[in-house]
Amino acid sequence: VAKIFVIDDDPAYRTLVVRALERMSHQVETAVGGAKALRCLAEGGFELIVTDIFMPDMDGLAFIGKAAELTKAPILAISGGGTQISTDFLKHARTLGAAAVLHKPFSSVELGNIVTGLLAGGGMAPPEMFA
Amino acid sequence: VTEAIYDPARFASLVHDVGEETSRTALRLFFADTEARLGCLGHVDGAADAKGIQRLAHTVKSSAATFGFDHLSSLARKLEHDTAHLASSDLAARITELRSALVTVRTLIP
């Protein structure tokens with residue numbers, strides 16, 4: 001059981017991700033945007049951060065960079081892909097501190113496998129976890 | 001239309017993964033959020049709305065695919081890709097098309 005922080009402004013996806021993690025018996029807290037998420041991160045205690053890279057109030061890569069400074073918990077970046085995603089995103093996300101990237105749409109099994117791997121690693125995932 | 005309007009296996013898979021209640025809650029949130037975002041766009045004003053349109057399309061693309069609404073997802077993906085290059089009138093037409101597709105899928109899951 002781990003304390004996991006989920007950040008996503010899409011209410012449907014947030015609901016599905018939270019439920020999938022709760023079914024794995026994890027304790028989940030949520031935020032809709034990056035600014036609030038950073039305030040919550042500062043209080044600490046999370047063992048994994050799951051964040052969408054598109055946020056209503058700040059750049060997702062900037063959030064990952066700031067979050068990585070505030071916590072040692074691994075960061076799983078969720079990406080919908082598409083034109084807003086730079087081809088260098090994975091490299092940037094990795095450089096800034098994301099341990100893995102999961103592309104929407106994904107199944108709860110895919111999410112569970114990555115979450116379990118990141119929690120077991122206790123930190124940065126190996127490079128092969130980058131999809 | 002080359003892709004299916006609705007792939008029921010996708011929603012069935014979601015129900016299997018997270019349960020029926022959560023799946024239906026997420027579906028209701030998807031419709032409410034998408035309709036609200038579309039409503040906020042109002043009258044399309046070209047470049048001024050481009051960022052909001054692209055963001056909406058990006059979100060709809062992923063969520064619609066999750067529920068099995070493949071045609072809606074495809075329309076959103078194309079809109080996200082094309083937004084920066086479309087004139088206001090074309091953007092408005094694409095958004096109308098997106099709204100219509102959303103209305104269509106609303107009745108597909110009883």
# chains A, B, ... in the order shown; residues from 1 in each chain; ligands from 1
call {"tool": "interface_residues", "arguments": {"of": "chain A", "to": "chain B", "cutoff": "10 Å", "atoms": "only C-alpha atoms", "output": "PyMOL selection string"}}
result
chain A and resi 9-23+54-56+79-84+103-109
call {"tool": "residues_around", "arguments": {"residues": "Ile75 of chain A", "least_positions_apart": "4", "cutoff": "7 Å", "atoms": "only C-alpha atoms", "output": "JSON list (two decimals) with all heavy atoms, in the first residue's frame"}}
result
[["chain", "number", "residue", "atom", "x", "y", "z"],
["A", 48, "LEU", "N", 4.55, 8.08, -4.74],
["A", 48, "LEU", "CA", 4.51, 8.08, -6.21],
["A", 48, "LEU", "C", 3.65, 9.25, -6.67],
["A", 48, "LEU", "O", 2.60, 9.52, -6.07],
["A", 48, "LEU", "CB", 3.93, 6.76, -6.73],
["A", 48, "LEU", "CG", 3.74, 6.64, -8.25],
["A", 48, "LEU", "CD1", 5.09, 6.64, -8.97],
["A", 48, "LEU", "CD2", 2.97, 5.37, -8.60],
["A", 49, "ILE", "N", 4.10, 9.91, -7.73],
["A", 49, "ILE", "CA", 3.34, 11.01, -8.32],
["A", 49, "ILE", "C", 2.91, 10.57, -9.71],
["A", 49, "ILE", "O", 3.74, 10.16, -10.53],
["A", 49, "ILE", "CB", 4.19, 12.30, -8.46],
["A", 49, "ILE", "CG1", 4.98, 12.58, -7.17],
["A", 49, "ILE", "CG2", 3.33, 13.48, -8.88],
["A", 49, "ILE", "CD1", 4.16, 12.78, -5.95],
["A", 50, "VAL", "N", 1.61, 10.64, -9.97],
["A", 50, "VAL", "CA", 1.08, 10.32, -11.30],
["A", 50, "VAL", "C", 0.48, 11.61, -11.85],
["A", 50, "VAL", "O", -0.49, 12.13, -11.31],
["A", 50, "VAL", "CB", -0.01, 9.23, -11.22],
["A", 50, "VAL", "CG1", -0.56, 8.93, -12.62],
["A", 50, "VAL", "CG2", 0.54, 7.96, -10.58],
["A", 97, "GLY", "N", 13.06, 14.63, -14.46],
["A", 97, "GLY", "CA", 12.79, 13.82, -13.28],
["A", 97, "GLY", "C", 11.68, 12.80, -13.41],
["A", 97, "GLY", "O", 11.41, 12.08, -12.44],
["A", 98, "ALA", "N", 10.99, 12.71, -14.55],
["A", 98, "ALA", "CA", 9.95, 11.69, -14.70],
["A", 98, "ALA", "C", 10.61, 10.32, -14.83],
["A", 98, "ALA", "O", 11.58, 10.16, -15.56],
["A", 98, "ALA", "CB", 9.09, 11.98, -15.92],
["A", 99, "ALA", "N", 10.06, 9.36, -14.12],
["A", 99, "ALA", "CA", 10.63, 8.01, -14.16],
["A", 99, "ALA", "C", 10.03, 7.17, -15.28],
["A", 99, "ALA", "O", 10.65, 6.22, -15.74],
["A", 99, "ALA", "CB", 10.41, 7.31, -12.82],
["A", 100, "ALA", "N", 8.83, 7.51, -15.70],
["A", 100, "ALA", "CA", 8.17, 6.75, -16.77],
["A", 100, "ALA", "C", 7.07, 7.59, -17.38],
["A", 100, "ALA", "O", 6.59, 8.55, -16.78],
["A", 100, "ALA", "CB", 7.60, 5.44, -16.21]]
call {"tool": "select_by_dssp", "arguments": {"residues": "chain A", "states": "helix (DSSP H, G or I)", "output": "PyMOL selection string"}}
result
chain A and resi 11-23+34-43+60-70+89-96+108-121+127-129
call {"tool": "atom_distance", "arguments": {"atom1": "atom CA of Arg94 of chain B", "atom2": "atom CA of Glu35 of chain B"}}
result
15.0 Å
call {"tool": "residues_around", "arguments": {"residues": "His71 of chain B", "least_positions_apart": "3", "cutoff": "10 Å", "atoms": "only C-alpha atoms", "output": "NGL selection string"}}
result
:B and (1-7 or 61 or 64-65 or 68 or 74-77 or 98 or 101-102 or 105)
call {"tool": "atom_distance", "arguments": {"atom1": "atom CA of Val6 of chain A", "atom2": "atom CA of Val28 of chain A"}}
result
7.0 Å
call {"tool": "atom_distance", "arguments": {"atom1": "atom CA of Thr104 of chain B", "atom2": "atom CA of Gly52 of chain B"}}
result
22.9 Å
call {"tool": "closest_residue", "arguments": {"among": "B:Arg37, B:Thr96, B:Leu91, B:Ser73", "to": "Leu56 of chain B", "atoms": "only C-alpha atoms"}}
result
B:Arg37
call {"tool": "select_by_dssp", "arguments": {"residues": "chain A", "states": "strand (DSSP E or B)", "output": "PyMOL selection string"}}
result
chain A and resi 3-7+27-31+48-52+54+59+75-79+98-103+130
call {"tool": "write_last_selection", "arguments": {"atoms": "N, CA, C and O atoms", "output": "JSON list (two decimals), in the first residue's frame"}}
result
[["chain", "number", "residue", "atom", "x", "y", "z"],
["A", 3, "LYS", "N", 1.09, 5.70, -0.70],
["A", 3, "LYS", "CA", 0.36, 6.96, -0.79],
["A", 3, "LYS", "C", 0.72, 7.60, -2.13],
["A", 3, "LYS", "O", 1.89, 7.94, -2.37],
["A", 4, "ILE", "N", -0.27, 7.72, -3.00],
["A", 4, "ILE", "CA", -0.04, 8.16, -4.38],
["A", 4, "ILE", "C", -0.79, 9.45, -4.65],
["A", 4, "ILE", "O", -1.94, 9.62, -4.24],
["A", 5, "PHE", "N", -0.14, 10.36, -5.36],
["A", 5, "PHE", "CA", -0.72, 11.66, -5.70],
["A", 5, "PHE", "C", -1.02, 11.68, -7.19],
["A", 5, "PHE", "O", -0.11, 11.51, -8.01],
["A", 6, "VAL", "N", -2.28, 11.91, -7.54],
["A", 6, "VAL", "CA", -2.71, 11.92, -8.94],
["A", 6, "VAL", "C", -3.10, 13.35, -9.33],
["A", 6, "VAL", "O", -3.95, 13.97, -8.68],
["A", 7, "ILE", "N", -2.48, 13.86, -10.40],
["A", 7, "ILE", "CA", -2.79, 15.20, -10.88],
["A", 7, "ILE", "C", -3.29, 15.11, -12.31],
["A", 7, "ILE", "O", -2.56, 14.69, -13.21],
["A", 27, "GLN", "N", -3.49, 4.32, -1.29],
["A", 27, "GLN", "CA", -4.18, 5.51, -0.78],
["A", 27, "GLN", "C", -3.91, 6.63, -1.78],
["A", 27, "GLN", "O", -2.75, 6.92, -2.09],
["A", 28, "VAL", "N", -4.97, 7.25, -2.26],
["A", 28, "VAL", "CA", -4.81, 8.20, -3.36],
["A", 28, "VAL", "C", -5.34, 9.58, -2.98],
["A", 28, "VAL", "O", -6.43, 9.70, -2.42],
["A", 29, "GLU", "N", -4.54, 10.60, -3.30],
["A", 29, "GLU", "CA", -5.01, 11.98, -3.18],
["A", 29, "GLU", "C", -4.91, 12.61, -4.56],
["A", 29, "GLU", "O", -4.10, 12.19, -5.39],
["A", 30, "THR", "N", -5.71, 13.64, -4.81],
["A", 30, "THR", "CA", -5.76, 14.20, -6.16],
["A", 30, "THR", "C", -5.62, 15.73, -6.16],
["A", 30, "THR", "O", -5.88, 16.40, -5.16],
["A", 31, "ALA", "N", -5.22, 16.23, -7.32],
["A", 31, "ALA", "CA", -5.24, 17.67, -7.58],
["A", 31, "ALA", "C", -5.58, 17.86, -9.05],
["A", 31, "ALA", "O", -5.33, 16.99, -9.87],
["A", 48, "LEU", "N", 4.55, 8.08, -4.74],
["A", 48, "LEU", "CA", 4.51, 8.08, -6.21],
["A", 48, "LEU", "C", 3.65, 9.25, -6.67],
["A", 48, "LEU", "O", 2.60, 9.52, -6.07],
["A", 49, "ILE", "N", 4.10, 9.91, -7.73],
["A", 49, "ILE", "CA", 3.34, 11.01, -8.32],
["A", 49, "ILE", "C", 2.91, 10.57, -9.71],
["A", 49, "ILE", "O", 3.74, 10.16, -10.53],
["A", 50, "VAL", "N", 1.61, 10.64, -9.97],
["A", 50, "VAL", "CA", 1.08, 10.32, -11.30],
["A", 50, "VAL", "C", 0.48, 11.61, -11.85],
["A", 50, "VAL", "O", -0.49, 12.13, -11.31],
["A", 51, "THR", "N", 1.06, 12.13, -12.91],
["A", 51, "THR", "CA", 0.60, 13.43, -13.39],
["A", 51, "THR", "C", 0.39, 13.49, -14.89],
["A", 51, "THR", "O", 1.21, 12.98, -15.66],
["A", 52, "ASP", "N", -0.71, 14.10, -15.29],
["A", 52, "ASP", "CA", -0.92, 14.41, -16.69],
["A", 52, "ASP", "C", 0.06, 15.53, -17.05],
["A", 52, "ASP", "O", 0.42, 16.35, -16.19],
["A", 54, "PHE", "N", -0.55, 17.81, -19.37],
["A", 54, "PHE", "CA", -1.27, 19.04, -19.74],
["A", 54, "PHE", "C", -2.06, 19.52, -18.56],
["A", 54, "PHE", "O", -2.94, 18.82, -18.05],
["A", 59, "ASP", "N", 2.84, 24.61, -17.36],
["A", 59, "ASP", "CA", 3.41, 23.65, -18.28],
["A", 59, "ASP", "C", 3.75, 22.35, -17.54],
["A", 59, "ASP", "O", 4.33, 22.38, -16.46],
["A", 75, "ILE", "N", 8.08, 9.86, -10.47],
["A", 75, "ILE", "CA", 7.00, 10.58, -11.15],
["A", 75, "ILE", "C", 6.63, 9.82, -12.42],
["A", 75, "ILE", "O", 7.48, 9.56, -13.28],
["A", 76, "LEU", "N", 5.36, 9.47, -12.52],
["A", 76, "LEU", "CA", 4.83, 8.84, -13.73],
["A", 76, "LEU", "C", 4.05, 9.90, -14.50],
["A", 76, "LEU", "O", 3.04, 10.40, -14.02],
["A", 77, "ALA", "N", 4.56, 10.27, -15.67],
["A", 77, "ALA", "CA", 3.90, 11.28, -16.50],
["A", 77, "ALA", "C", 2.92, 10.61, -17.45],
["A", 77, "ALA", "O", 3.28, 9.66, -18.15],
["A", 78, "ILE", "N", 1.69, 11.10, -17.45],
["A", 78, "ILE", "CA", 0.68, 10.56, -18.36],
["A", 78, "ILE", "C", 0.53, 11.51, -19.53],
["A", 78, "ILE", "O", 0.35, 12.72, -19.36],
["A", 79, "SER", "N", 0.60, 10.94, -20.72],
["A", 79, "SER", "CA", 0.57, 11.77, -21.92],
["A", 79, "SER", "C", -0.49, 11.29, -22.89],
["A", 79, "SER", "O", -0.64, 10.09, -23.12],
["A", 98, "ALA", "N", 10.99, 12.71, -14.55],
["A", 98, "ALA", "CA", 9.95, 11.69, -14.70],
["A", 98, "ALA", "C", 10.61, 10.32, -14.83],
["A", 98, "ALA", "O", 11.58, 10.16, -15.56],
["A", 99, "ALA", "N", 10.06, 9.36, -14.12],
["A", 99, "ALA", "CA", 10.63, 8.01, -14.16],
["A", 99, "ALA", "C", 10.03, 7.17, -15.28],
["A", 99, "ALA", "O", 10.65, 6.22, -15.74],
["A", 100, "ALA", "N", 8.83, 7.51, -15.70],
["A", 100, "ALA", "CA", 8.17, 6.75, -16.77],
["A", 100, "ALA", "C", 7.07, 7.59, -17.38],
["A", 100, "ALA", "O", 6.59, 8.55, -16.78],
["A", 101, "VAL", "N", 6.69, 7.20, -18.59],
["A", 101, "VAL", "CA", 5.59, 7.89, -19.28],
["A", 101, "VAL", "C", 4.59, 6.84, -19.74],
["A", 101, "VAL", "O", 4.97, 5.79, -20.25],
["A", 102, "LEU", "N", 3.33, 7.13, -19.51],
["A", 102, "LEU", "CA", 2.26, 6.22, -19.93],
["A", 102, "LEU", "C", 1.34, 7.00, -20.86],
["A", 102, "LEU", "O", 0.89, 8.09, -20.52],
["A", 103, "HIS", "N", 1.07, 6.41, -22.03],
["A", 103, "HIS", "CA", 0.27, 7.12, -23.02],
["A", 103, "HIS", "C", -1.21, 6.75, -22.92],
["A", 103, "HIS", "O", -1.55, 5.58, -22.84],
["A", 130, "PHE", "N", 10.60, 3.81, -20.26],
["A", 130, "PHE", "CA", 10.08, 4.88, -21.09],
["A", 130, "PHE", "C", 9.48, 4.28, -22.35],
["A", 130, "PHE", "O", 10.17, 3.58, -23.08]]
